[in-house]
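run_6.pdb follows; it contains PDB, C-alpha atoms and all ligand atoms.
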```pdb
MODEL        1
ATOM      1  CA  MET A   1    -125.892  43.861-124.476
ATOM      2  CA  ARG A   2    -125.345  43.378-128.167
ATOM      3  CA  TYR A   3    -125.163  46.587-130.059
ATOM      4  CA  SER A   4    -127.551  46.975-132.919
ATOM      5  CA  GLY A   5    -125.289  49.513-134.600
ATOM      6  CA  ARG A   6    -125.531  49.783-138.359
ATOM      7  CA  ARG A   7    -122.896  47.554-139.852
ATOM      8  CA  VAL A   8    -120.716  49.161-142.431
ATOM      9  CA  GLY A   9    -118.497  47.652-145.075
ATOM     10  CA  SER A  10    -119.190  45.689-148.231
ATOM     11  CA  SER A  11    -120.024  41.996-148.223
ATOM     12  CA  ARG A  12    -116.508  41.391-149.619
ATOM     13  CA  HIS A  13    -115.030  43.103-146.546
ATOM     14  CA  PRO A  14    -117.598  42.641-143.806
ATOM     15  CA  CYS A  15    -116.789  44.553-140.637
ATOM     16  CA  PRO A  16    -116.450  41.980-137.912
ATOM     17  CA  VAL A  17    -117.317  44.303-135.022
ATOM     18  CA  ASP A  18    -120.385  46.550-134.839
ATOM     19  CA  THR A  19    -119.180  49.868-136.204
ATOM     20  CA  ILE A  20    -120.860  53.114-135.324
ATOM     21  CA  ARG A  21    -120.128  56.026-137.628
ATOM     22  CA  THR A  22    -122.357  58.809-136.334
ATOM     23  CA  ILE A  23    -122.333  60.782-133.090
ATOM     24  CA  ALA A  24    -126.121  60.537-132.821
ATOM     25  CA  TRP A  25    -126.067  56.739-132.959
ATOM     26  CA  MET A  26    -123.103  56.459-130.590
ATOM     27  CA  LYS A  27    -124.880  58.715-128.083
ATOM     28  CA  GLU A  28    -128.044  56.654-128.350
ATOM     29  CA  GLN A  29    -126.240  53.328-127.828
ATOM     30  CA  ALA A  30    -124.270  54.655-124.858
ATOM     31  CA  ARG A  31    -127.418  56.229-123.385
ATOM     32  CA  GLN A  32    -129.222  52.875-123.577
ATOM     33  CA  ALA A  33    -126.344  51.117-121.831
ATOM     34  CA  ARG A  34    -126.313  53.689-119.033
ATOM     35  CA  ALA A  35    -130.110  53.430-118.715
ATOM     36  CA  GLU A  36    -129.623  49.698-118.091
ATOM     37  CA  SER A  37    -127.129  50.624-115.337
ATOM     38  CA  ARG A  38    -124.259  49.122-117.324
ATOM     39  CA  ILE A  39    -120.692  50.184-116.597
ATOM     40  CA  VAL A  40    -119.543  51.734-119.846
ATOM     41  CA  GLY A  41    -115.822  51.678-120.730
ATOM     42  CA  LEU A  42    -114.223  53.675-123.522
ATOM     43  CA  VAL A  43    -110.813  53.034-125.103
ATOM     44  CA  PRO A  44    -109.903  55.861-127.507
ATOM     45  CA  THR A  45    -107.321  55.034-130.201
ATOM     46  CA  MET A  46    -106.085  56.182-133.582
ATOM     47  CA  GLY A  47    -106.110  52.625-134.928
ATOM     48  CA  ALA A  48    -103.109  50.653-136.268
ATOM     49  CA  LEU A  49    -103.795  48.542-133.217
ATOM     50  CA  HIS A  50    -101.124  46.587-131.365
ATOM     51  CA  ALA A  51    -100.801  44.738-128.067
ATOM     52  CA  GLY A  52    -100.516  48.053-126.180
ATOM     53  CA  HIS A  53    -104.000  49.080-127.307
ATOM     54  CA  LEU A  54    -105.272  45.564-126.613
ATOM     55  CA  SER A  55    -103.959  45.744-123.041
ATOM     56  CA  LEU A  56    -106.226  48.760-122.463
ATOM     57  CA  ILE A  57    -109.151  46.824-123.899
ATOM     58  CA  GLU A  58    -108.384  43.814-121.690
ATOM     59  CA  ARG A  59    -108.345  46.043-118.625
ATOM     60  CA  ALA A  60    -111.582  47.715-119.727
ATOM     61  CA  ARG A  61    -113.229  44.333-120.223
ATOM     62  CA  ARG A  62    -112.330  43.329-116.671
ATOM     63  CA  GLU A  63    -114.062  46.434-115.331
ATOM     64  CA  CYS A  64    -116.804  47.372-117.801
ATOM     65  CA  SER A  65    -119.558  46.072-120.017
ATOM     66  CA  PRO A  66    -120.040  47.290-122.679
ATOM     67  CA  VAL A  67    -116.543  48.208-123.826
ATOM     68  CA  ILE A  68    -116.443  50.698-126.670
ATOM     69  CA  ALA A  69    -113.250  51.314-128.622
ATOM     70  CA  SER A  70    -112.885  54.324-130.852
ATOM     71  CA  ILE A  71    -110.683  54.740-133.890
ATOM     72  CA  PHE A  72    -110.230  58.305-135.013
ATOM     73  CA  ILE A  73    -107.060  59.665-136.573
ATOM     74  CA  ASN A  74    -107.448  63.130-135.199
ATOM     75  CA  PRO A  75    -106.223  65.705-137.747
ATOM     76  CA  LYS A  76    -106.097  68.421-135.075
ATOM     77  CA  GLN A  77    -103.297  66.786-133.117
ATOM     78  CA  PHE A  78    -100.863  66.621-136.035
ATOM     79  CA  GLY A  79     -98.642  69.576-136.892
ATOM     80  CA  PRO A  80     -98.352  70.768-140.519
ATOM     81  CA  ASN A  81     -95.049  68.898-140.978
ATOM     82  CA  GLU A  82     -96.109  65.770-139.127
ATOM     83  CA  ASP A  83     -97.267  62.380-140.387
ATOM     84  CA  PHE A  84    -101.079  62.766-140.589
ATOM     85  CA  SER A  85    -101.313  61.722-144.254
ATOM     86  CA  LYS A  86     -98.994  58.726-143.881
ATOM     87  CA  TYR A  87    -100.204  57.602-140.436
ATOM     88  CA  PRO A  88    -100.927  53.835-140.776
ATOM     89  CA  ARG A  89    -104.564  53.133-141.629
ATOM     90  CA  THR A  90    -105.440  49.464-141.073
ATOM     91  CA  PHE A  91    -109.168  49.538-140.442
ATOM     92  CA  GLN A  92    -110.076  45.987-141.500
ATOM     93  CA  SER A  93    -107.422  44.284-139.406
ATOM     94  CA  ASP A  94    -108.117  46.658-136.480
ATOM     95  CA  SER A  95    -111.758  45.728-136.644
ATOM     96  CA  GLU A  96    -110.836  42.029-136.610
ATOM     97  CA  LYS A  97    -108.540  42.538-133.598
ATOM     98  CA  LEU A  98    -111.292  44.360-131.730
ATOM     99  CA  ARG A  99    -113.722  41.529-132.358
ATOM    100  CA  HIS A 100    -111.161  39.013-131.034
ATOM    101  CA  ALA A 101    -110.543  41.244-128.025
ATOM    102  CA  GLY A 102    -114.268  41.135-127.202
ATOM    103  CA  VAL A 103    -115.065  44.801-127.788
ATOM    104  CA  ASP A 104    -118.819  45.448-127.956
ATOM    105  CA  ALA A 105    -118.758  48.346-130.380
ATOM    106  CA  LEU A 106    -116.360  50.409-132.416
ATOM    107  CA  PHE A 107    -116.950  54.134-132.789
ATOM    108  CA  ALA A 108    -115.207  55.222-135.994
ATOM    109  CA  PRO A 109    -116.488  58.613-137.115
ATOM    110  CA  GLU A 110    -115.250  60.517-140.165
ATOM    111  CA  PRO A 111    -113.352  63.780-139.499
ATOM    112  CA  SER A 112    -116.321  65.770-140.870
ATOM    113  CA  GLU A 113    -118.559  64.158-138.225
ATOM    114  CA  ILE A 114    -116.246  65.257-135.406
ATOM    115  CA  TYR A 115    -115.253  68.606-136.926
ATOM    116  CA  PRO A 116    -118.140  69.877-139.069
ATOM    117  CA  ASN A 117    -117.742  73.152-140.948
ATOM    118  CA  GLY A 118    -117.631  76.015-138.503
ATOM    119  CA  PHE A 119    -116.181  73.964-135.645
ATOM    120  CA  SER A 120    -114.457  76.488-133.378
ATOM    121  CA  THR A 121    -114.351  75.347-129.746
ATOM    122  CA  TYR A 122    -111.156  73.922-128.246
ATOM    123  CA  VAL A 123    -110.169  72.516-124.880
ATOM    124  CA  ASN A 124    -106.713  73.393-123.601
ATOM    125  CA  VAL A 125    -105.026  72.460-120.340
ATOM    126  CA  ASP A 126    -102.923  75.528-119.622
ATOM    127  CA  GLY A 127     -99.303  75.176-118.641
ATOM    128  CA  LEU A 128     -98.946  71.398-118.808
ATOM    129  CA  SER A 129     -99.741  71.474-122.545
ATOM    130  CA  ASP A 130     -96.770  73.709-123.331
ATOM    131  CA  LYS A 131     -94.036  71.623-121.736
ATOM    132  CA  LEU A 132     -91.874  68.860-123.258
ATOM    133  CA  GLU A 133     -94.067  67.193-125.920
ATOM    134  CA  GLY A 134     -96.065  70.419-126.159
ATOM    135  CA  ARG A 135     -92.910  72.471-126.693
ATOM    136  CA  SER A 136     -91.743  70.143-129.492
ATOM    137  CA  ARG A 137     -95.214  69.766-131.011
ATOM    138  CA  PRO A 138     -97.061  73.104-130.689
ATOM    139  CA  GLY A 139    -100.846  72.673-130.696
ATOM    140  CA  HIS A 140    -100.610  68.898-130.345
ATOM    141  CA  PHE A 141    -102.145  68.653-126.892
ATOM    142  CA  ARG A 142    -104.891  71.163-127.669
ATOM    143  CA  GLY A 143    -105.899  68.763-130.465
ATOM    144  CA  VAL A 144    -105.707  65.778-128.111
ATOM    145  CA  THR A 145    -107.693  67.288-125.244
ATOM    146  CA  THR A 146    -110.315  68.659-127.631
ATOM    147  CA  VAL A 147    -110.980  65.312-129.287
ATOM    148  CA  VAL A 148    -110.842  63.355-126.027
ATOM    149  CA  MET A 149    -113.284  65.805-124.440
ATOM    150  CA  LYS A 150    -115.612  65.311-127.408
ATOM    151  CA  LEU A 151    -115.362  61.507-127.165
ATOM    152  CA  LEU A 152    -116.022  61.609-123.419
ATOM    153  CA  GLN A 153    -118.955  63.935-123.989
ATOM    154  CA  ILE A 154    -120.451  61.711-126.710
ATOM    155  CA  VAL A 155    -120.067  58.364-124.885
ATOM    156  CA  GLN A 156    -120.130  59.582-121.263
ATOM    157  CA  PRO A 157    -118.366  56.416-120.127
ATOM    158  CA  ASN A 158    -117.901  55.455-116.487
ATOM    159  CA  PHE A 159    -114.248  54.675-117.220
ATOM    160  CA  ALA A 160    -111.894  55.709-120.014
ATOM    161  CA  TYR A 161    -108.554  53.980-120.527
ATOM    162  CA  PHE A 162    -105.264  55.558-121.593
ATOM    163  CA  GLY A 163    -101.657  54.381-121.757
ATOM    164  CA  ARG A 164     -98.855  55.782-119.616
ATOM    165  CA  LYS A 165     -96.625  55.173-122.632
ATOM    166  CA  ASP A 166     -97.931  58.677-123.475
ATOM    167  CA  ALA A 167     -97.267  59.948-119.967
ATOM    168  CA  GLN A 168     -97.868  63.652-120.529
ATOM    169  CA  GLN A 169    -101.029  62.968-122.514
ATOM    170  CA  SER A 170    -102.531  60.771-119.792
ATOM    171  CA  ARG A 171    -101.578  63.340-117.137
ATOM    172  CA  LEU A 172    -103.277  66.115-119.150
ATOM    173  CA  ILE A 173    -106.430  64.086-119.660
ATOM    174  CA  THR A 174    -106.616  63.292-115.948
ATOM    175  CA  GLN A 175    -106.232  67.017-115.225
ATOM    176  CA  MET A 176    -108.901  67.940-117.783
ATOM    177  CA  ALA A 177    -111.362  65.422-116.307
ATOM    178  CA  ARG A 178    -110.739  66.860-112.838
ATOM    179  CA  ASP A 179    -110.932  70.511-113.905
ATOM    180  CA  LEU A 180    -114.124  70.062-115.916
ATOM    181  CA  ASN A 181    -115.822  67.842-113.289
ATOM    182  CA  LEU A 182    -116.321  64.983-115.707
ATOM    183  CA  ASP A 183    -118.111  61.920-114.392
ATOM    184  CA  THR A 184    -115.657  59.654-116.190
ATOM    185  CA  GLU A 185    -112.838  58.065-114.215
ATOM    186  CA  ILE A 186    -109.583  58.180-116.172
ATOM    187  CA  VAL A 187    -107.624  54.929-115.879
ATOM    188  CA  VAL A 188    -103.930  55.011-116.808
ATOM    189  CA  CYS A 189    -102.363  51.670-117.787
ATOM    190  CA  PRO A 190     -98.683  50.618-117.979
ATOM    191  CA  PRO A 191     -96.771  50.505-121.282
ATOM    192  CA  VAL A 192     -96.547  47.240-123.231
ATOM    193  CA  ARG A 193     -93.165  46.469-124.804
ATOM    194  CA  GLU A 194     -91.574  44.223-127.387
ATOM    195  CA  PRO A 195     -89.404  41.451-125.896
ATOM    196  CA  ASP A 196     -86.310  43.647-126.474
ATOM    197  CA  GLY A 197     -87.882  46.532-124.544
ATOM    198  CA  LEU A 198     -89.066  48.786-127.378
ATOM    199  CA  ALA A 199     -92.417  50.291-126.348
ATOM    200  CA  LEU A 200     -95.124  49.291-128.806
ATOM    201  CA  SER A 201     -96.222  52.187-130.984
ATOM    202  CA  SER A 202     -98.170  52.507-134.208
ATOM    203  CA  ARG A 203     -95.198  54.523-135.502
ATOM    204  CA  ASN A 204     -92.746  51.605-135.100
ATOM    205  CA  VAL A 205     -93.804  50.445-138.599
ATOM    206  CA  TYR A 206     -91.903  53.445-140.019
ATOM    207  CA  LEU A 207     -88.575  51.992-138.791
ATOM    208  CA  ASN A 208     -86.362  50.082-141.226
ATOM    209  CA  ALA A 209     -84.370  47.082-139.954
ATOM    210  CA  ASP A 210     -81.348  49.129-138.789
ATOM    211  CA  GLU A 211     -83.541  51.748-137.174
ATOM    212  CA  ARG A 212     -85.599  49.063-135.448
ATOM    213  CA  LYS A 213     -82.412  47.745-133.815
ATOM    214  CA  ALA A 214     -81.289  51.262-132.903
ATOM    215  CA  ALA A 215     -84.696  52.075-131.382
ATOM    216  CA  THR A 216     -84.012  49.827-128.390
ATOM    217  CA  VAL A 217     -81.640  52.544-127.190
ATOM    218  CA  LEU A 218     -84.577  54.309-125.517
ATOM    219  CA  TYR A 219     -85.279  51.298-123.328
ATOM    220  CA  ARG A 220     -81.569  50.687-122.733
ATOM    221  CA  ALA A 221     -81.135  54.273-121.571
ATOM    222  CA  LEU A 222     -84.138  54.018-119.245
ATOM    223  CA  GLU A 223     -82.857  50.746-117.793
ATOM    224  CA  ALA A 224     -79.422  52.290-117.189
ATOM    225  CA  ALA A 225     -81.114  55.193-115.360
ATOM    226  CA  LYS A 226     -83.127  52.721-113.258
ATOM    227  CA  ASN A 227     -79.877  50.977-112.293
ATOM    228  CA  GLU A 228     -78.291  54.273-111.273
ATOM    229  CA  LEU A 229     -81.319  55.113-109.152
ATOM    230  CA  ALA A 230     -81.188  51.672-107.579
ATOM    231  CA  ALA A 231     -77.518  52.327-106.787
ATOM    232  CA  GLY A 232     -78.510  55.490-104.907
ATOM    233  CA  VAL A 233     -78.102  58.297-107.464
ATOM    234  CA  ARG A 234     -80.666  61.042-106.775
ATOM    235  CA  ASP A 235     -79.168  63.955-108.672
ATOM    236  CA  ALA A 236     -81.399  64.684-111.692
ATOM    237  CA  LEU A 237     -78.617  66.314-113.724
ATOM    238  CA  GLN A 238     -76.400  63.302-113.249
ATOM    239  CA  LEU A 239     -79.215  61.015-114.396
ATOM    240  CA  GLN A 240     -79.948  63.247-117.383
ATOM    241  CA  SER A 241     -76.353  63.357-118.524
ATOM    242  CA  SER A 242     -76.019  59.587-118.372
ATOM    243  CA  LEU A 243     -79.304  59.241-120.311
ATOM    244  CA  ARG A 244     -77.871  61.624-122.945
ATOM    245  CA  ARG A 245     -74.555  59.748-123.106
ATOM    246  CA  LYS A 246     -76.324  56.454-123.662
ATOM    247  CA  LEU A 247     -78.682  57.885-126.298
ATOM    248  CA  ASP A 248     -75.873  59.776-128.092
ATOM    249  CA  SER A 249     -73.881  56.555-128.345
ATOM    250  CA  GLU A 250     -76.457  55.325-130.881
ATOM    251  CA  ARG A 251     -75.518  56.631-134.343
ATOM    252  CA  LEU A 252     -79.117  56.725-135.660
ATOM    253  CA  ALA A 253     -80.553  58.462-132.588
ATOM    254  CA  ARG A 254     -81.076  62.228-132.218
ATOM    255  CA  VAL A 255     -82.331  63.311-128.808
ATOM    256  CA  ASP A 256     -85.236  65.786-128.619
ATOM    257  CA  TYR A 257     -85.396  65.670-124.822
ATOM    258  CA  ALA A 258     -84.296  63.407-121.971
ATOM    259  CA  GLU A 259     -85.546  64.785-118.662
ATOM    260  CA  VAL A 260     -86.407  63.915-115.091
ATOM    261  CA  VAL A 261     -89.592  65.750-114.092
ATOM    262  CA  ASP A 262     -92.083  65.971-111.243
ATOM    263  CA  ALA A 263     -94.815  63.416-112.072
ATOM    264  CA  GLU A 264     -97.579  65.928-111.236
ATOM    265  CA  THR A 265     -96.332  69.220-112.663
ATOM    266  CA  PHE A 266     -93.873  68.005-115.319
ATOM    267  CA  GLU A 267     -91.441  70.646-114.025
ATOM    268  CA  PRO A 268     -87.773  69.575-113.999
ATOM    269  CA  VAL A 269     -86.551  68.362-110.603
ATOM    270  CA  VAL A 270     -83.146  68.841-109.014
ATOM    271  CA  ARG A 271     -83.280  65.689-106.893
ATOM    272  CA  VAL A 272     -85.409  62.590-107.119
ATOM    273  CA  ASN A 273     -87.131  62.900-103.746
ATOM    274  CA  LYS A 274     -90.784  62.725-104.822
ATOM    275  CA  PRO A 275     -92.769  60.903-107.548
ATOM    276  CA  CYS A 276     -90.997  61.590-110.842
ATOM    277  CA  LEU A 277     -91.042  60.566-114.469
ATOM    278  CA  VAL A 278     -88.011  59.985-116.631
ATOM    279  CA  LEU A 279     -89.144  61.086-120.087
ATOM    280  CA  LEU A 280     -87.490  60.560-123.461
ATOM    281  CA  ALA A 281     -88.273  61.797-126.972
ATOM    282  CA  VAL A 282     -85.776  60.616-129.560
ATOM    283  CA  PHE A 283     -85.682  60.634-133.345
ATOM    284  CA  ILE A 284     -84.522  57.344-134.818
ATOM    285  CA  GLY A 285     -83.910  58.383-138.402
ATOM    286  CA  LYS A 286     -87.042  60.394-139.219
ATOM    287  CA  THR A 287     -89.279  58.603-136.717
ATOM    288  CA  ARG A 288     -89.891  60.323-133.410
ATOM    289  CA  LEU A 289     -90.327  57.882-130.512
ATOM    290  CA  ILE A 290     -91.211  58.571-126.878
ATOM    291  CA  ASP A 291     -90.802  56.444-123.774
ATOM    292  CA  ASN A 292     -90.654  56.893-120.008
ATOM    293  CA  PHE A 293     -90.673  55.295-116.622
ATOM    294  CA  TYR A 294     -92.335  56.325-113.411
ATOM    295  CA  ILE A 295     -90.531  56.525-110.078
ATOM    296  CA  GLY A 296     -92.869  56.551-107.142
ATOM    297  CA  PRO A 297     -94.337  54.841-104.142
ATOM    298  CA  LYS A 298     -97.297  53.200-105.886
ATOM    299  CA  SER A 299     -96.561  50.138-107.969
ATOM    300  CA  SER A 300     -99.183  48.785-110.331
ATOM    301  CA  SER A 301     -96.713  47.047-112.612
ATOM    302  CA  SER A 302     -93.115  45.968-113.038
ATOM    303  CA  GLU A 303     -92.762  49.029-115.282
ATOM    304  CA  GLU A 304     -92.420  51.279-112.275
ATOM    305  CA  LEU A 305     -89.489  51.780-109.987
ATOM    306  CA  VAL A 306     -90.879  51.537-106.471
ATOM    307  CA  PHE A 307     -89.514  54.220-104.215
ATOM    308  CA  HIS A 308     -90.328  55.133-100.665
ATOM    309  CA  PHE A 309     -89.087  58.690-100.337
TER     310      PHE A 309
HETATM  311  P1  LIG A 401    -102.860  55.932-130.084
HETATM  312  O1  LIG A 401    -103.603  55.011-130.999
HETATM  313  O2  LIG A 401    -101.385  55.974-130.345
HETATM  314  O3  LIG A 401    -103.499  57.287-129.968
HETATM  315  O4  LIG A 401    -102.973  55.283-128.631
HETATM  316  C1  LIG A 401    -104.228  55.007-128.062
HETATM  317  C2  LIG A 401    -104.016  54.659-126.613
HETATM  318  O5  LIG A 401    -103.164  53.534-126.505
HETATM  319  C3  LIG A 401    -103.347  55.805-125.841
HETATM  320  O6  LIG A 401    -103.969  55.919-124.580
HETATM  321  C4  LIG A 401    -101.927  55.327-125.729
HETATM  322  O7  LIG A 401    -101.253  55.840-124.599
HETATM  323  C5  LIG A 401    -102.122  53.826-125.598
HETATM  324  N1  LIG A 401    -100.897  53.127-125.976
HETATM  325  C6  LIG A 401    -100.129  53.348-127.065
HETATM  326  N2  LIG A 401     -99.033  52.568-127.043
HETATM  327  C7  LIG A 401     -99.107  51.833-125.898
HETATM  328  C8  LIG A 401     -98.272  50.845-125.302
HETATM  329  N3  LIG A 401     -97.137  50.443-125.855
HETATM  330  N4  LIG A 401     -98.669  50.311-124.125
HETATM  331  C9  LIG A 401     -99.835  50.699-123.542
HETATM  332  N5  LIG A 401    -100.660  51.627-124.058
HETATM  333  C10 LIG A 401    -100.309  52.193-125.228
ENDMDL
END
```
Step by step, read the file and then write its structure as structure tokens.
Amino acid sequence: MRYSGRRVGSSRHPCPVDTIRTIAWMKEQARQARAESRIVGLVPTMGALHAGHLSLIERARRECSPVIASIFINPKQFGPNEDFSKYPRTFQSDSEKLRHAGVDALFAPEPSEIYPNGFSTYVNVDGLSDKLEGRSRPGHFRGVTTVVMKLLQIVQPNFAYFGRKDAQQSRLITQMARDLNLDTEIVVCPPVREPDGLALSSRNVYLNADERKAATVLYRALEAAKNELAAGVRDALQLQSSLRRKLDSERLARVDYAEVVDAETFEPVVRVNKPCLVLLAVFIGKTRLIDNFYIGPKSSSSEELVFHF
């Protein structure tokens, strides 16, 4: 199906992928696709697209048609001292990348379309939202789950794709979909990395050359923890202190957290004897980066440490 969405953009900067700006039109297009028994896939993003985002689109294209990507820099998930105003905005090149990636439509609403005057309903996943990222970024996950719920409600996709690079976010969204009986299946995809191991992130553009080099310390610390696990270490405190030591050895790094948690509850564990996540949040200069790896019995990628407990 080709979308007949209104094209936006001037003739000097034509938008190369059909761009839908309004909720009403997005709903109508998605409704038509469902009426034709199409399998609708949604890939929500905040733009500044990189190969990590494109990996979600590739996966969606294998499983769905049409594939809809969204670009919405969600003001409600940024704290007052965070980077909302300087978050990279690269709409034209994003649009070009989406066309190349074979996306059928791009949903790119304005903030006033998503949050009209008087907007006052929020979705919050209790408990999980307050830990780790939620503790460091109060209100962040309430903003995320609210906007994702709205996107899922507008498009009503069969599948929606998220990255495990943001492990707590994808866990929360899976929980929300379960708790609210959504008909959308949440698909969580492995992180994509630079050749030196740095997880791709739209925020990597903030790093200067020295910081960019220093930023590989997250991956180096995770790899060192993987090696310790492979050598038989199961004590979470021991793993955490070697993560800390590695991260602290990098002059430009300041650790926010480095923890081993239960992959379901995100509660700290004492021993690694069930599916776990090793989670890092580290400032490199002023840029806050996160990364993780999963330890568990299911392996869908080389990113995971396969464990039979
Ligand atoms: P964002 O634009 O940062 O909100 O990210 C949109 C989606 O892309 C989220 O589901 C992220 O988890 C996912 N994502 C971001 N970085 C990566 C990466 N390096 N690998 C895979 N997925 C990613």
Open item on the list: Give me, as a PyMOL selection string, the set of residues whose atoms come within 8 Å of any atom of ligand LIG 401 (chain A), counting only C-alpha atoms and all ligand atoms.
Closed with: chain A and resi 43-53+55-56+71+73+161-167+169-170+188-193+199-202
Could you write out that same residue set with C-alpha atoms as a PDB file, keeping the file's coordinate frame?
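To be explicit, this is the file written out as out.pdb:
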```pdb
ATOM      1  CA  VAL A  43    -110.813  53.034-125.103  1.00  0.00           C
ATOM      2  CA  PRO A  44    -109.903  55.861-127.507  1.00  0.00           C
ATOM      3  CA  THR A  45    -107.321  55.034-130.201  1.00  0.00           C
ATOM      4  CA  MET A  46    -106.085  56.182-133.582  1.00  0.00           C
ATOM      5  CA  GLY A  47    -106.110  52.625-134.928  1.00  0.00           C
ATOM      6  CA  ALA A  48    -103.109  50.653-136.268  1.00  0.00           C
ATOM      7  CA  LEU A  49    -103.795  48.542-133.217  1.00  0.00           C
ATOM      8  CA  HIS A  50    -101.124  46.587-131.365  1.00  0.00           C
ATOM      9  CA  ALA A  51    -100.801  44.738-128.067  1.00  0.00           C
ATOM     10  CA  GLY A  52    -100.516  48.053-126.180  1.00  0.00           C
ATOM     11  CA  HIS A  53    -104.000  49.080-127.307  1.00  0.00           C
ATOM     12  CA  SER A  55    -103.959  45.744-123.041  1.00  0.00           C
ATOM     13  CA  LEU A  56    -106.226  48.760-122.463  1.00  0.00           C
ATOM     14  CA  ILE A  71    -110.683  54.740-133.890  1.00  0.00           C
ATOM     15  CA  ILE A  73    -107.060  59.665-136.573  1.00  0.00           C
ATOM     16  CA  TYR A 161    -108.554  53.980-120.527  1.00  0.00           C
ATOM     17  CA  PHE A 162    -105.264  55.558-121.593  1.00  0.00           C
ATOM     18  CA  GLY A 163    -101.657  54.381-121.757  1.00  0.00           C
ATOM     19  CA  ARG A 164     -98.855  55.782-119.616  1.00  0.00           C
ATOM     20  CA  LYS A 165     -96.625  55.173-122.632  1.00  0.00           C
ATOM     21  CA  ASP A 166     -97.931  58.677-123.475  1.00  0.00           C
ATOM     22  CA  ALA A 167     -97.267  59.948-119.967  1.00  0.00           C
ATOM     23  CA  GLN A 169    -101.029  62.968-122.514  1.00  0.00           C
ATOM     24  CA  SER A 170    -102.531  60.771-119.792  1.00  0.00           C
ATOM     25  CA  VAL A 188    -103.930  55.011-116.808  1.00  0.00           C
ATOM     26  CA  CYS A 189    -102.363  51.670-117.787  1.00  0.00           C
ATOM     27  CA  PRO A 190     -98.683  50.618-117.979  1.00  0.00           C
ATOM     28  CA  PRO A 191     -96.771  50.505-121.282  1.00  0.00           C
ATOM     29  CA  VAL A 192     -96.547  47.240-123.231  1.00  0.00           C
ATOM     30  CA  ARG A 193     -93.165  46.469-124.804  1.00  0.00           C
ATOM     31  CA  ALA A 199     -92.417  50.291-126.348  1.00  0.00           C
ATOM     32  CA  LEU A 200     -95.124  49.291-128.806  1.00  0.00           C
ATOM     33  CA  SER A 201     -96.222  52.187-130.984  1.00  0.00           C
ATOM     34  CA  SER A 202     -98.170  52.507-134.208  1.00  0.00           C
TER      35      SER A 202
END
```
Open item on the list: Please determine, counting only C-alpha atoms, which residue among A:Phe159, A:Phe293, A:Phe266, A:Phe72 has the shortest atom-to-atom distance to Arg220 in chain A.
Closed with: A:Phe293
Task: Proximity to Glu264 in chain A - best of A:Asn158, A:Thr216, A:Asn181, A:Gln168, all atoms listed in the file - done: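 Comparing A:Asn158, A:Thr216, A:Asn181, A:Gln168 against Glu264 in chain A, the winner is A:Gln168.
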- [ ] Output the residue selection produced by the PyMOL selection byres (((chain A and resi 31) around 12) and not hetatm) on the file above, formatted as a PyMOL selection string.
- [x] chain A and resi 3+23-30+32-40+66+153-158
Open item on the list: Applying the PyMOL selection byres (((chain A and resi 83) around 12) and not hetatm) to the file I just gave you, which residues come out? Please list them as a ChimeraX atom specification.
Closed with: /A:73-82,84-89,202-203,206,286-288
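Between CA of Glu228 in chain A and CA of Ser242 in chain A the interatomic distance comes to 9.2 Å.
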TODO: Step by step, work through what the PyMOL selection byres (((chain A and resi 231-237) around 8) and not hetatm) selects in the shown file, and finish by giving those residues as a PyMOL selection string.
DONE: chain A and resi 227-230+238-241+260+269-273
What does the file look like for those residues with C-alpha atoms, as a PDB file, in the frame of the given file?
```pdb
ATOM      1  CA  ASN A 227     -79.877  50.977-112.293  1.00  0.00           C
ATOM      2  CA  GLU A 228     -78.291  54.273-111.273  1.00  0.00           C
ATOM      3  CA  LEU A 229     -81.319  55.113-109.152  1.00  0.00           C
ATOM      4  CA  ALA A 230     -81.188  51.672-107.579  1.00  0.00           C
ATOM      5  CA  GLN A 238     -76.400  63.302-113.249  1.00  0.00           C
ATOM      6  CA  LEU A 239     -79.215  61.015-114.396  1.00  0.00           C
ATOM      7  CA  GLN A 240     -79.948  63.247-117.383  1.00  0.00           C
ATOM      8  CA  SER A 241     -76.353  63.357-118.524  1.00  0.00           C
ATOM      9  CA  VAL A 260     -86.407  63.915-115.091  1.00  0.00           C
ATOM     10  CA  VAL A 269     -86.551  68.362-110.603  1.00  0.00           C
ATOM     11  CA  VAL A 270     -83.146  68.841-109.014  1.00  0.00           C
ATOM     12  CA  ARG A 271     -83.280  65.689-106.893  1.00  0.00           C
ATOM     13  CA  VAL A 272     -85.409  62.590-107.119  1.00  0.00           C
ATOM     14  CA  ASN A 273     -87.131  62.900-103.746  1.00  0.00           C
TER      15      ASN A 273
END
```
Task: Atomic distance CA of Ala209 in chain A - CA of Lys246 in chain A, expressed in Å with one decimal - done: 20.4 Å
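Between CA of Gly285 in chain A and CA of Phe141 in chain A the interatomic distance comes to 23.9 Å.
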Task: Pick from A:Cys64, A:Leu207, A:Leu54, A:Arg251, whichever lies nearest to Glu185 in chain A using all atoms listed in the file - done: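 Counting all atoms listed in the file, the residue closest to Glu185 in chain A is A:Cys64.
Each of A:Val278, A:Pro195, A:Ile284, A:Val261 was checked against Ala224 in chain A using all atoms listed in the file; the smallest atom-to-atom distance is that of A:Val278.
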Would you compute, for all listed atoms of range 123-139 of chain A, the axis-aligned bounding box grown by 4 Å on each side, and then report its centre and edge lengths in Å rounded to one decimal, as JSON?
```
{"center_x": -101.0, "center_y": 71.4, "center_z": -124.8, "size_x": 26.4, "size_y": 16.3, "size_z": 20.4}
```
Open item on the list: I'd like to know which of A:Val282, A:Leu132, A:Ala160, A:Leu182 is closest to Arg59 in chain A, using only C-alpha atoms.
Closed with: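 That would be A:Ala160, the residue with the smallest distance to Arg59 in chain A.
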